[in-house]
file start_5.tsv (TSV, C-alpha atoms (C1' of nucleotides))
chain	number	residue	atom	x	y	z
A	127	MET	CA	102.66	89.76	79.27
A	128	ALA	CA	104.45	91.30	76.35
A	129	LEU	CA	104.52	94.93	75.33
A	130	ASP	CA	104.26	96.22	71.80
A	131	ARG	CA	105.73	99.36	70.36
A	132	LYS	CA	102.78	101.47	71.33
A	133	ASP	CA	103.10	100.43	74.94
A	134	LEU	CA	106.76	101.31	74.84
A	135	ALA	CA	105.93	104.62	73.21
A	136	ILE	CA	103.50	105.35	76.03
A	137	LEU	CA	106.11	104.49	78.63
A	138	ALA	CA	108.77	106.50	76.86
A	139	GLU	CA	106.52	109.51	76.72
A	140	LEU	CA	105.40	109.19	80.33
A	141	THR	CA	109.02	108.92	81.34
A	142	THR	CA	109.35	112.46	80.02
A	143	ASN	CA	105.90	113.95	80.61
A	144	ALA	CA	104.26	112.17	83.47
A	145	ARG	CA	101.43	114.72	83.54
A	146	ALA	CA	100.46	114.35	79.92
A	147	SER	CA	96.73	113.93	79.45
A	148	HIS	CA	95.14	110.97	77.67
A	149	THR	CA	94.39	113.01	74.59
A	150	GLU	CA	97.88	114.44	74.49
A	151	LEU	CA	99.46	111.02	74.74
A	152	ALA	CA	96.98	109.55	72.29
A	153	THR	CA	98.01	111.85	69.48
A	154	LYS	CA	101.71	111.24	70.08
A	155	VAL	CA	101.34	107.47	70.16
A	156	GLY	CA	98.78	107.28	67.39
A	157	LEU	CA	95.74	106.01	69.28
A	158	SER	CA	92.40	107.30	70.40
A	159	SER	CA	92.20	108.64	73.88
A	160	THR	CA	90.06	105.76	75.08
A	161	ALA	CA	92.36	103.09	73.71
A	162	LEU	CA	95.27	104.88	75.27
A	163	ALA	CA	93.52	105.17	78.62
A	164	ARG	CA	92.97	101.41	78.66
A	165	ARG	CA	96.59	100.66	77.86
A	166	GLN	CA	97.89	103.15	80.38
A	167	LYS	CA	95.72	101.70	83.09
A	168	THR	CA	96.92	98.21	82.19
A	169	LEU	CA	100.52	99.35	82.42
A	170	GLU	CA	99.84	100.80	85.84
A	171	ASP	CA	97.91	97.79	87.12
A	172	ASP	CA	100.53	95.36	85.88
A	173	GLY	CA	103.21	97.30	87.72
A	174	TYR	CA	105.22	98.55	84.79
A	175	ILE	CA	104.66	102.07	86.06
A	176	GLN	CA	105.62	102.25	89.69
A	177	ALA	CA	104.85	105.89	90.37
A	178	TYR	CA	104.69	109.34	88.92
A	179	GLN	CA	107.29	111.55	90.49
A	180	ALA	CA	108.62	115.05	90.13
A	181	ALA	CA	112.32	115.26	89.26
A	182	LEU	CA	114.02	117.98	91.25
A	183	ASP	CA	117.02	119.90	90.00
A	184	LEU	CA	119.44	119.11	92.78
A	185	ALA	CA	121.84	121.77	91.57
A	186	GLN	CA	119.18	124.32	92.55
A	187	PHE	CA	119.54	123.05	96.09
A	188	GLY	CA	123.28	123.45	95.93
A	189	LEU	CA	123.96	119.74	95.69
A	190	THR	CA	126.52	119.84	92.92
A	191	THR	CA	129.06	117.37	94.27
A	192	THR	CA	128.65	113.63	93.85
A	193	VAL	CA	130.89	111.32	95.83
A	194	LEU	CA	131.27	107.57	95.51
A	195	VAL	CA	132.17	106.00	98.80
A	196	ARG	CA	133.52	102.48	99.09
A	197	ILE	CA	133.14	100.89	102.47
A	198	ALA	CA	134.54	97.69	103.91
A	199	LEU	CA	133.20	96.32	107.16
A	200	GLU	CA	135.13	94.71	109.98
A	201	SER	CA	133.08	91.59	109.51
A	202	GLN	CA	130.74	90.19	106.90
A	203	SER	CA	128.55	88.52	109.49
A	204	ASP	CA	124.83	88.84	109.05
A	205	GLU	CA	124.66	90.85	112.24
A	206	ALA	CA	127.25	93.35	111.02
A	207	LEU	CA	125.49	93.79	107.70
A	208	LYS	CA	122.15	94.37	109.36
A	209	ALA	CA	123.62	96.86	111.82
A	210	PHE	CA	125.30	98.79	109.04
A	211	GLU	CA	122.28	98.83	106.78
A	212	ALA	CA	119.96	99.91	109.55
A	213	GLU	CA	122.06	103.03	110.01
A	214	VAL	CA	122.94	103.83	106.42
A	215	VAL	CA	119.31	104.19	105.45
A	216	LYS	CA	119.09	107.06	107.94
A	217	CYS	CA	121.93	109.03	106.39
A	218	PRO	CA	120.21	112.01	104.78
A	219	SER	CA	122.93	112.65	102.20
A	220	VAL	CA	123.07	109.10	100.86
A	221	VAL	CA	121.00	108.52	97.76
A	222	ARG	CA	122.19	105.05	96.82
A	223	CYS	CA	123.75	102.15	98.65
A	224	PHE	CA	124.67	98.83	97.09
A	225	LEU	CA	125.73	95.69	98.84
A	226	MET	CA	128.58	94.55	96.64
A	227	SER	CA	130.46	91.47	95.68
A	228	GLY	CA	134.23	91.72	95.58
A	229	ASN	CA	136.59	93.55	97.90
A	230	ASP	CA	134.32	96.35	98.95
A	231	ASP	CA	131.28	95.51	100.98
A	232	TYR	CA	129.20	98.56	100.20
A	233	ILE	CA	129.28	101.35	97.69
A	234	LEU	CA	127.41	104.55	98.47
A	235	ILE	CA	126.55	107.52	96.35
A	236	VAL	CA	126.51	110.67	98.41
A	237	LEU	CA	125.41	114.15	97.39
A	238	ALA	CA	127.10	117.17	98.94
A	239	ARG	CA	127.13	120.91	98.38
A	240	ASP	CA	130.90	120.97	97.89
A	241	ILE	CA	134.04	119.33	99.21
A	242	GLN	CA	133.85	121.11	102.53
A	243	ASP	CA	130.29	119.94	102.92
A	244	PHE	CA	131.39	116.41	102.21
A	245	GLU	CA	133.91	116.70	105.01
A	246	ARG	CA	131.00	117.52	107.29
A	247	ILE	CA	128.97	114.61	105.93
A	248	HIS	CA	131.92	112.32	106.39
A	249	ARG	CA	132.22	113.45	109.99
A	250	THR	CA	128.56	113.51	110.96
A	251	GLU	CA	127.07	110.74	108.86
A	252	LEU	CA	129.61	108.31	107.47
A	253	SER	CA	132.02	108.03	110.37
A	254	ARG	CA	129.14	107.14	112.66
A	255	LEU	CA	128.19	104.08	110.70
A	256	PRO	CA	128.79	100.92	112.71
A	257	ARG	CA	131.24	98.12	111.99
A	258	VAL	CA	133.12	100.06	109.34
A	259	ALA	CA	136.74	99.08	108.79
A	260	ARG	CA	137.69	101.23	105.82
A	261	VAL	CA	136.17	104.17	103.95
A	262	GLN	CA	137.45	105.27	100.57
A	263	SER	CA	135.96	108.30	98.81
A	264	SER	CA	136.19	109.29	95.16
A	265	PHE	CA	134.80	112.49	93.78
A	266	ALA	CA	132.83	112.62	90.59
A	267	LEU	CA	134.17	115.39	88.39
A	268	ARG	CA	131.30	115.30	85.96
A	269	ASP	CA	128.08	113.47	85.11
A	270	VAL	CA	128.47	111.96	81.67
A	271	VAL	CA	125.31	109.82	81.63
A	272	ASN	CA	122.36	110.12	83.96
A	273	ARG	CA	119.29	108.17	82.95
A	274	ALA	CA	116.48	106.83	85.05
A	275	VAL	CA	115.70	104.13	82.51
A	276	PRO	CA	118.20	102.44	80.21
A	277	THR	CA	117.37	103.10	76.61
A	278	VAL	CA	117.44	99.38	75.98
A	279	VAL	CA	114.00	99.16	77.57
A	280	PHE	CA	112.39	101.18	74.82
A	281	GLY	CA	114.10	99.28	72.07
A	282	GLU	CA	112.51	95.88	72.42
A	283	ALA	CA	108.98	95.36	71.12
A	284	LYS	CA	107.38	91.96	71.51
A	285	ARG	CA	103.87	92.32	70.22
A	286	GLN	CA	103.19	93.55	66.74
A	287	GLY	CA	103.21	97.31	66.93
B	555	MET	CA	115.30	132.54	96.60
B	556	ALA	CA	114.63	130.61	99.74
B	557	LEU	CA	112.06	127.91	100.30
B	558	ASP	CA	109.92	127.53	103.37
B	559	ARG	CA	108.48	124.38	104.81
B	560	LYS	CA	105.39	124.53	102.68
B	561	ASP	CA	107.45	124.67	99.52
B	562	LEU	CA	109.42	121.68	100.72
B	563	ALA	CA	106.21	119.89	101.59
B	564	ILE	CA	104.96	120.53	98.06
B	565	LEU	CA	108.18	119.19	96.58
B	566	ALA	CA	108.17	116.19	98.86
B	567	GLU	CA	104.63	115.36	97.89
B	568	LEU	CA	105.23	115.85	94.18
B	569	THR	CA	108.25	113.62	94.45
B	570	THR	CA	105.81	110.89	95.38
B	571	ASN	CA	102.65	111.87	93.51
B	572	ALA	CA	103.57	113.92	90.50
B	573	ARG	CA	99.99	113.76	89.22
B	574	ALA	CA	98.40	115.11	92.35
B	575	SER	CA	95.90	117.88	91.63
B	576	HIS	CA	96.11	121.35	93.11
B	577	THR	CA	93.29	120.70	95.54
B	578	GLU	CA	94.77	117.40	96.60
B	579	LEU	CA	98.14	118.97	97.28
B	580	ALA	CA	96.55	121.97	98.93
B	581	THR	CA	94.88	119.92	101.64
B	582	LYS	CA	98.05	117.95	102.35
B	583	VAL	CA	100.22	121.04	102.61
B	584	GLY	CA	97.66	123.17	104.39
B	585	LEU	CA	96.98	125.81	101.77
B	586	SER	CA	94.17	126.86	99.50
B	587	SER	CA	94.29	125.54	95.99
B	588	THR	CA	95.01	128.95	94.53
B	589	ALA	CA	97.91	129.67	96.85
B	590	LEU	CA	99.28	126.24	96.13
B	591	ALA	CA	98.96	126.71	92.39
B	592	ARG	CA	100.97	129.89	92.58
B	593	ARG	CA	103.73	128.26	94.61
B	594	GLN	CA	103.87	125.23	92.39
B	595	LYS	CA	104.17	127.39	89.29
B	596	THR	CA	106.92	129.38	90.96
B	597	LEU	CA	108.78	126.20	91.80
B	598	GLU	CA	108.50	125.10	88.19
B	599	ASP	CA	109.48	128.47	86.73
B	600	ASP	CA	112.46	128.79	89.03
B	601	GLY	CA	113.68	125.39	87.96
B	602	TYR	CA	113.34	123.53	91.23
B	603	ILE	CA	111.12	121.03	89.44
B	604	GLN	CA	112.86	119.83	86.33
B	605	ALA	CA	110.22	117.49	85.00
B	606	TYR	CA	107.44	115.13	85.90
B	607	GLN	CA	108.36	111.60	85.00
B	608	ALA	CA	106.94	108.13	85.35
B	609	ALA	CA	109.10	105.73	87.34
B	610	LEU	CA	109.23	102.33	85.69
B	611	ASP	CA	109.68	99.12	87.60
B	612	LEU	CA	112.81	97.85	85.91
B	613	ALA	CA	112.39	94.43	87.49
B	614	GLN	CA	109.24	94.06	85.38
B	615	PHE	CA	111.49	94.37	82.36
B	616	GLY	CA	113.80	91.71	83.69
B	617	LEU	CA	116.54	94.15	84.60
B	618	THR	CA	117.36	92.80	88.02
B	619	THR	CA	121.15	92.91	87.93
B	620	THR	CA	123.11	96.07	88.66
B	621	VAL	CA	126.78	96.18	87.82
B	622	LEU	CA	129.32	98.84	88.71
B	623	VAL	CA	132.03	99.09	86.12
B	624	ARG	CA	135.30	100.88	86.72
B	625	ILE	CA	137.14	101.94	83.63
B	626	ALA	CA	140.64	103.33	83.13
B	627	LEU	CA	141.64	104.83	79.82
B	628	GLU	CA	144.93	104.50	78.00
B	629	SER	CA	145.31	108.24	78.15
B	630	GLN	CA	143.69	111.11	80.01
B	631	SER	CA	144.04	113.45	77.09
B	632	ASP	CA	141.11	115.62	76.24
B	633	GLU	CA	140.76	113.80	72.95
B	634	ALA	CA	140.61	110.41	74.64
B	635	LEU	CA	137.99	111.58	77.11
B	636	LYS	CA	135.82	113.05	74.38
B	637	ALA	CA	136.10	109.92	72.26
B	638	PHE	CA	135.14	107.70	75.16
B	639	GLU	CA	132.24	109.85	76.28
B	640	ALA	CA	130.83	110.17	72.80
B	641	GLU	CA	130.51	106.40	72.68
B	642	VAL	CA	129.44	105.65	76.22
B	643	VAL	CA	126.34	107.80	75.89
B	644	LYS	CA	125.20	105.45	73.14
B	645	CYS	CA	125.42	102.31	75.27
B	646	PRO	CA	121.81	101.32	75.83
B	647	SER	CA	122.47	99.43	79.06
B	648	VAL	CA	124.36	102.21	80.80
B	649	VAL	CA	122.26	104.33	83.11
B	650	ARG	CA	125.00	106.35	84.79
B	651	CYS	CA	128.52	107.36	83.97
B	652	PHE	CA	130.75	109.51	86.14
B	653	LEU	CA	134.05	111.03	85.22
B	654	MET	CA	136.04	110.35	88.36
B	655	SER	CA	138.99	111.63	90.24
B	656	GLY	CA	141.45	109.08	91.56
B	657	ASN	CA	142.72	105.91	89.95
B	658	ASP	CA	139.69	105.10	87.86
B	659	ASP	CA	138.77	107.41	85.07
B	660	TYR	CA	135.12	106.48	84.75
B	661	ILE	CA	132.58	104.59	86.78
B	662	LEU	CA	129.51	103.24	85.05
B	663	ILE	CA	126.32	101.77	86.38
B	664	VAL	CA	124.97	99.12	84.05
B	665	LEU	CA	121.66	97.30	84.20
B	666	ALA	CA	121.44	93.72	82.94
B	667	ARG	CA	118.93	90.91	83.01
B	668	ASP	CA	121.37	88.54	84.70
B	669	ILE	CA	125.03	87.66	84.72
B	670	GLN	CA	124.87	86.01	81.32
B	671	ASP	CA	123.24	89.10	79.93
B	672	PHE	CA	126.01	91.21	81.40
B	673	GLU	CA	128.51	89.05	79.58
B	674	ARG	CA	126.72	89.97	76.38
B	675	ILE	CA	126.70	93.65	77.33
B	676	HIS	CA	130.37	93.49	78.15
B	677	ARG	CA	131.05	91.99	74.77
B	678	THR	CA	128.77	94.13	72.61
B	679	GLU	CA	128.78	97.45	74.43
B	680	LEU	CA	131.64	97.89	76.87
B	681	SER	CA	134.46	96.21	74.99
B	682	ARG	CA	133.75	98.42	72.00
B	683	LEU	CA	134.38	101.62	73.90
B	684	PRO	CA	137.46	103.44	72.60
B	685	ARG	CA	140.70	104.13	74.44
B	686	VAL	CA	139.93	101.75	77.29
B	687	ALA	CA	142.92	100.28	79.11
B	688	ARG	CA	141.23	98.39	81.96
B	689	VAL	CA	137.68	97.33	82.84
B	690	GLN	CA	136.78	96.08	86.27
B	691	SER	CA	133.24	94.93	87.07
B	692	SER	CA	131.57	94.48	90.44
B	693	PHE	CA	128.11	93.06	90.89
B	694	ALA	CA	125.60	94.60	93.23
B	695	LEU	CA	124.08	91.90	95.39
B	696	ARG	CA	121.33	94.09	96.74
B	697	ASP	CA	119.94	97.62	96.69
B	698	VAL	CA	120.05	98.95	100.22
B	699	VAL	CA	119.17	102.58	99.48
B	700	ASN	CA	117.69	103.94	96.29
B	701	ARG	CA	116.45	107.50	96.46
B	702	ALA	CA	116.02	110.03	93.72
B	703	VAL	CA	116.36	112.90	96.17
B	704	PRO	CA	118.41	112.89	99.36
B	705	THR	CA	116.23	113.37	102.39
B	706	VAL	CA	118.43	116.25	103.43
B	707	VAL	CA	116.69	118.40	100.84
B	708	PHE	CA	113.38	118.21	102.62
B	709	GLY	CA	114.90	118.90	106.01
B	710	GLU	CA	116.07	122.46	105.59
B	711	ALA	CA	113.51	125.26	105.71
B	712	LYS	CA	114.65	128.80	105.19
B	713	ARG	CA	111.52	130.91	105.17
B	714	GLN	CA	109.09	130.76	108.03
B	715	GLY	CA	106.76	127.86	107.41
C	249	DC	C1'	101.15	153.30	110.55
C	250	DC	C1'	101.80	151.98	105.91
C	251	DA	C1'	103.11	149.31	101.79
C	252	DG	C1'	103.89	144.97	99.76
C	253	DA	C1'	103.32	140.29	99.60
C	254	DA	C1'	100.87	136.21	100.36
C	255	DT	C1'	96.53	134.06	101.40
C	256	DG	C1'	91.62	132.59	101.05
C	257	DC	C1'	87.03	132.52	98.93
C	258	DG	C1'	83.86	132.23	95.14
C	259	DC	C1'	82.93	131.77	90.65
C	260	DG	C1'	82.74	130.47	85.68
C	261	DT	C1'	84.85	128.28	82.09
C	262	DC	C1'	87.22	124.69	80.07
C	263	DG	C1'	89.04	120.28	79.51
C	264	DG	C1'	89.80	115.71	80.81
C	265	DT	C1'	87.99	111.49	82.05
C	266	DG	C1'	85.15	107.40	81.93
C	267	DT	C1'	81.28	104.81	79.93
C	268	DG	C1'	78.50	102.56	76.52
C	269	DC	C1'	78.19	100.92	72.08
C	270	DC	C1'	79.64	99.42	67.59
C	271	DC	C1'	83.27	97.92	64.42
C	272	DA	C1'	87.39	95.47	62.57
C	273	DA	C1'	90.81	91.84	62.77
C	274	DG	C1'	92.53	87.40	64.08
C	275	DG	C1'	92.17	82.68	65.75
C	276	DA	C1'	89.73	78.48	66.73
C	277	DA	C1'	86.43	75.14	66.00
C	278	DA	C1'	82.92	72.87	63.34
D	414	DT	C1'	85.07	77.68	54.14
D	415	DT	C1'	82.06	79.37	57.41
D	416	DT	C1'	80.93	80.75	61.88
D	417	DC	C1'	81.78	82.16	66.42
D	418	DC	C1'	84.39	84.38	69.90
D	419	DT	C1'	87.85	87.13	71.70
D	420	DT	C1'	90.78	91.11	71.64
D	421	DG	C1'	91.72	95.74	70.70
D	422	DG	C1'	90.17	100.15	68.60
D	423	DG	C1'	87.36	104.20	67.62
D	424	DC	C1'	83.32	107.45	68.28
D	425	DA	C1'	80.13	110.16	70.97
D	426	DC	C1'	78.41	111.82	75.00
D	427	DA	C1'	77.76	113.43	79.68
D	428	DC	C1'	79.54	114.18	84.06
D	429	DC	C1'	82.65	115.79	87.05
D	430	DG	C1'	86.48	118.19	88.60
D	431	DA	C1'	90.42	121.09	87.97
D	432	DC	C1'	92.06	125.43	86.83
D	433	DG	C1'	92.64	130.32	86.81
D	434	DC	C1'	90.70	134.76	87.66
D	435	DG	C1'	89.22	138.80	90.60
D	436	DC	C1'	88.74	140.79	94.92
D	437	DA	C1'	88.72	141.28	99.92
D	438	DT	C1'	91.67	140.09	103.87
D	439	DT	C1'	95.59	139.12	106.76
D	440	DC	C1'	100.31	139.28	107.95
D	441	DT	C1'	104.83	140.93	107.90
D	442	DG	C1'	108.57	144.24	107.86
D	443	DG	C1'	110.13	148.75	107.77

call {"tool": "encode", "arguments": {"input": "start_5.tsv", "output": "structure tokens"}}
result
Amino acid sequence: MALDRKDLAILAELTTNARASHTELATKVGLSSTALARRQKTLEDDGYIQAYQAALDLAQFGLTTTVLVRIALESQSDEALKAFEAEVVKCPSVVRCFLMSGNDDYILIVLARDIQDFERIHRTELSRLPRVARVQSSFALRDVVNRAVPTVVFGEAKRQG
Amino acid sequence: MALDRKDLAILAELTTNARASHTELATKVGLSSTALARRQKTLEDDGYIQAYQAALDLAQFGLTTTVLVRIALESQSDEALKAFEAEVVKCPSVVRCFLMSGNDDYILIVLARDIQDFERIHRTELSRLPRVARVQSSFALRDVVNRAVPTVVFGEAKRQG
DNA sequence: CCAGAATGCGCGTCGGTGTGCCCAAGGAAA
DNA sequence: TTTCCTTGGGCACACCGACGCGCATTCTGG
């Protein structure tokens, strides 16, 4: 299935205002509310829209420090990977974890209140992960780009429009 | 301001169902709809909830390849940083960009359709960034953890509850 | 014991939502 | 070229539910 510009406009708008009503979206996109409702439902049913979620301001919770953690395991055996992954998903301060190609086995993104708090996280969460050979942490000084969806998605229209 | 368990329950639920109605949320949290409406509005006004946004399934758009790109600049001068950042925000395939401490100056997260597509992105987007001395790319083989909000946020209650 | 805050209930209004029907455009087949 | 069929759009309507208000009540802290 291909999406036209109106579909992309709907998705772009819902990416910003997930609670927008049909009529509200309809006027912005340039459709009637019923036509828009059909398209929105199609987008949901076809899985383009996974969920509607509230975005929290993590700074309000004191989580102002982002840390990238590179981890190498003692072994790349399937058993070691599974053991590590089973534990890393439980770490409450980890928001992302990639299994990587290259020298590092895993890269984590960790959110902390400050550097002292990261020391605590390192001690209570990261150092308890199994099969870890090496941990290397780098602090993010600033967030330059932070998008949920790459803008390239909204740039490509395949139906007419 | 401190949040109690009901506030956290509201946030946790809205993180999953941003379109939930007051009554729906009220039953899940254990409040009346009016009490819930007041708390939700407070959470919004105080900035705990930044926005309500639709989460798109990027795999549906063919974006199945995540690449971490480490970039070092020729110079760490303020002018070089500003020039780089002004351009990187325009890259349509970049979803995240951190200014880093340590050896690397910036770390980007790039979404591509596949490895060939990343080659195109490298050529048309990344190689055109100014003041870049070194680019090092690592492919993510798998997404182990992908959370918008660390679970630690929902674990700490400060009012009664 | 008292004051303030938070809660719960009931109500009326308002708006969204979904349906049915008709219309326009485009493509295919005769 | 004509006709048919499919796809997507718009209009109108009615139903249903959410939303926000006012007031009585409870709970908490001083």

call {"tool": "closest_atom_pairs", "arguments": {"input": "start_5.tsv", "of": "chain A", "to": "chain D", "cutoff": "10 Å", "atoms": "only C-alpha atoms (C1' of nucleotides)", "output": "tab-separated table"}}
result
residue	atom	partner	partner_atom	distance
A:Leu157	CA	D:DG422	C1'	8.1
A:Ser158	CA	D:DG423	C1'	6.5
A:Ser159	CA	D:DG423	C1'	9.1
A:Thr160	CA	D:DG423	C1'	8.1
A:Ala161	CA	D:DG422	C1'	6.3
A:Leu162	CA	D:DG422	C1'	9.6
A:Arg164	CA	D:DG421	C1'	9.9
A:Arg165	CA	D:DG421	C1'	10.0

call {"tool": "atom_distance", "arguments": {"input": "start_5.tsv", "atom1": "atom CA of Glu251 of chain A", "atom2": "atom CA of Ile235 of chain A"}}
result
12.9 Å

call {"tool": "interface_residues", "arguments": {"input": "start_5.tsv", "of": "chain C", "to": "chain B", "cutoff": "9 Å", "atoms": "all atoms listed in the file", "output": "PyMOL selection string"}}
result
chain C and resi 254-256

call {"tool": "closest_atom_pairs", "arguments": {"input": "start_5.tsv", "of": "chain B", "to": "chain A", "cutoff": "6 Å", "atoms": "all atoms listed in the file", "output": "JSON lines"}}
result
{"residue": "B:Leu568", "atom": "CA", "partner": "A:Ala180", "partner_atom": "CA", "distance": 5.3}
{"residue": "B:Thr569", "atom": "CA", "partner": "A:Ala180", "partner_atom": "CA", "distance": 4.6}
{"residue": "B:Thr570", "atom": "CA", "partner": "A:Gln179", "partner_atom": "CA", "distance": 5.2}
{"residue": "B:Asn571", "atom": "CA", "partner": "A:Gln179", "partner_atom": "CA", "distance": 5.5}
{"residue": "B:Ala572", "atom": "CA", "partner": "A:Gln179", "partner_atom": "CA", "distance": 4.4}
{"residue": "B:Arg573", "atom": "CA", "partner": "A:Arg145", "partner_atom": "CA", "distance": 5.9}
{"residue": "B:Tyr602", "atom": "CA", "partner": "A:Asp183", "partner_atom": "CA", "distance": 5.3}
{"residue": "B:Ile603", "atom": "CA", "partner": "A:Leu182", "partner_atom": "CA", "distance": 4.6}
{"residue": "B:Gln604", "atom": "CA", "partner": "A:Leu182", "partner_atom": "CA", "distance": 5.4}
{"residue": "B:Ala605", "atom": "CA", "partner": "A:Ala181", "partner_atom": "CA", "distance": 5.2}
{"residue": "B:Tyr606", "atom": "CA", "partner": "A:Ala180", "partner_atom": "CA", "distance": 4.4}
{"residue": "B:Gln607", "atom": "CA", "partner": "A:Ala144", "partner_atom": "CA", "distance": 4.4}
{"residue": "B:Ala608", "atom": "CA", "partner": "A:Tyr178", "partner_atom": "CA", "distance": 4.4}
{"residue": "B:Ala609", "atom": "CA", "partner": "A:Ala177", "partner_atom": "CA", "distance": 5.2}
{"residue": "B:Leu610", "atom": "CA", "partner": "A:Ile175", "partner_atom": "CA", "distance": 4.6}
{"residue": "B:Asp611", "atom": "CA", "partner": "A:Tyr174", "partner_atom": "CA", "distance": 5.3}
{"residue": "B:Pro646", "atom": "CA", "partner": "A:Val278", "partner_atom": "CA", "distance": 4.8}
{"residue": "B:Ser647", "atom": "CA", "partner": "A:Pro276", "partner_atom": "CA", "distance": 5.3}
{"residue": "B:Val649", "atom": "CA", "partner": "A:Arg273", "partner_atom": "CA", "distance": 4.9}
{"residue": "B:Arg650", "atom": "CA", "partner": "A:Asn272", "partner_atom": "CA", "distance": 4.7}
{"residue": "B:Cys651", "atom": "CA", "partner": "A:Val271", "partner_atom": "CA", "distance": 4.7}
{"residue": "B:Phe652", "atom": "CA", "partner": "A:Asp269", "partner_atom": "CA", "distance": 4.9}
{"residue": "B:Leu653", "atom": "CA", "partner": "A:Arg268", "partner_atom": "CA", "distance": 5.1}
{"residue": "B:Met654", "atom": "CA", "partner": "A:Ala266", "partner_atom": "CA", "distance": 4.5}
{"residue": "B:Ser655", "atom": "CA", "partner": "A:Phe265", "partner_atom": "CA", "distance": 5.6}
{"residue": "B:Phe693", "atom": "CA", "partner": "A:Ser227", "partner_atom": "CA", "distance": 5.6}
{"residue": "B:Ala694", "atom": "CA", "partner": "A:Met226", "partner_atom": "CA", "distance": 4.5}
{"residue": "B:Leu695", "atom": "CA", "partner": "A:Met226", "partner_atom": "CA", "distance": 5.4}
{"residue": "B:Arg696", "atom": "CA", "partner": "A:Leu225", "partner_atom": "CA", "distance": 5.1}
{"residue": "B:Asp697", "atom": "CA", "partner": "A:Phe224", "partner_atom": "CA", "distance": 4.9}
{"residue": "B:Val698", "atom": "CA", "partner": "A:Cys223", "partner_atom": "CA", "distance": 5.1}
{"residue": "B:Val699", "atom": "CA", "partner": "A:Cys223", "partner_atom": "CA", "distance": 4.7}
{"residue": "B:Asn700", "atom": "CA", "partner": "A:Arg222", "partner_atom": "CA", "distance": 4.7}
{"residue": "B:Arg701", "atom": "CA", "partner": "A:Val221", "partner_atom": "CA", "distance": 4.8}
{"residue": "B:Pro704", "atom": "CA", "partner": "A:Val221", "partner_atom": "CA", "distance": 5.3}
{"residue": "B:Thr705", "atom": "CA", "partner": "A:Pro218", "partner_atom": "CA", "distance": 4.8}
{"residue": "B:Val706", "atom": "CA", "partner": "A:Pro218", "partner_atom": "CA", "distance": 4.8}

call {"tool": "atom_distance", "arguments": {"input": "start_5.tsv", "atom1": "atom C1' of DA251 of chain C", "atom2": "atom CA of Thr596 of chain B"}}
result
23.0 Å

call {"tool": "atom_distance", "arguments": {"input": "start_5.tsv", "atom1": "atom CA of Arg260 of chain A", "atom2": "atom CA of Arg624 of chain B"}}
result
19.3 Å

call {"tool": "closest_residue", "arguments": {"input": "start_5.tsv", "among": "B:Arg682, B:Arg559, B:Arg667, B:Arg677", "to": "Thr618 of chain B", "atoms": "only C-alpha atoms"}}
result
B:Arg667

call {"tool": "axis_aligned_box", "arguments": {"input": "start_5.tsv", "around": "segment 257-273 of chain A", "padding_each_side": "5 Å", "output": "lines of an AutoDock Vina configuration file"}}
result
center_x = 128.5
center_y = 106.8
center_z = 96.8
size_x = 28.4
size_y = 27.3
size_z = 40.4

call {"tool": "residues_around", "arguments": {"input": "start_5.tsv", "residues": "Ser201 of chain A", "least_positions_apart": "2", "cutoff": "12 Å", "atoms": "all atoms listed in the file", "output": "list in words"}}
result
Ile197, Ala198, Leu199, Ser203, Asp204, Glu205, Ala206, Leu207, Lys208, Ala209, Phe210, Asp230, Asp231, Pro256, Arg257, Val258, Ala259 and Arg260 of chain A
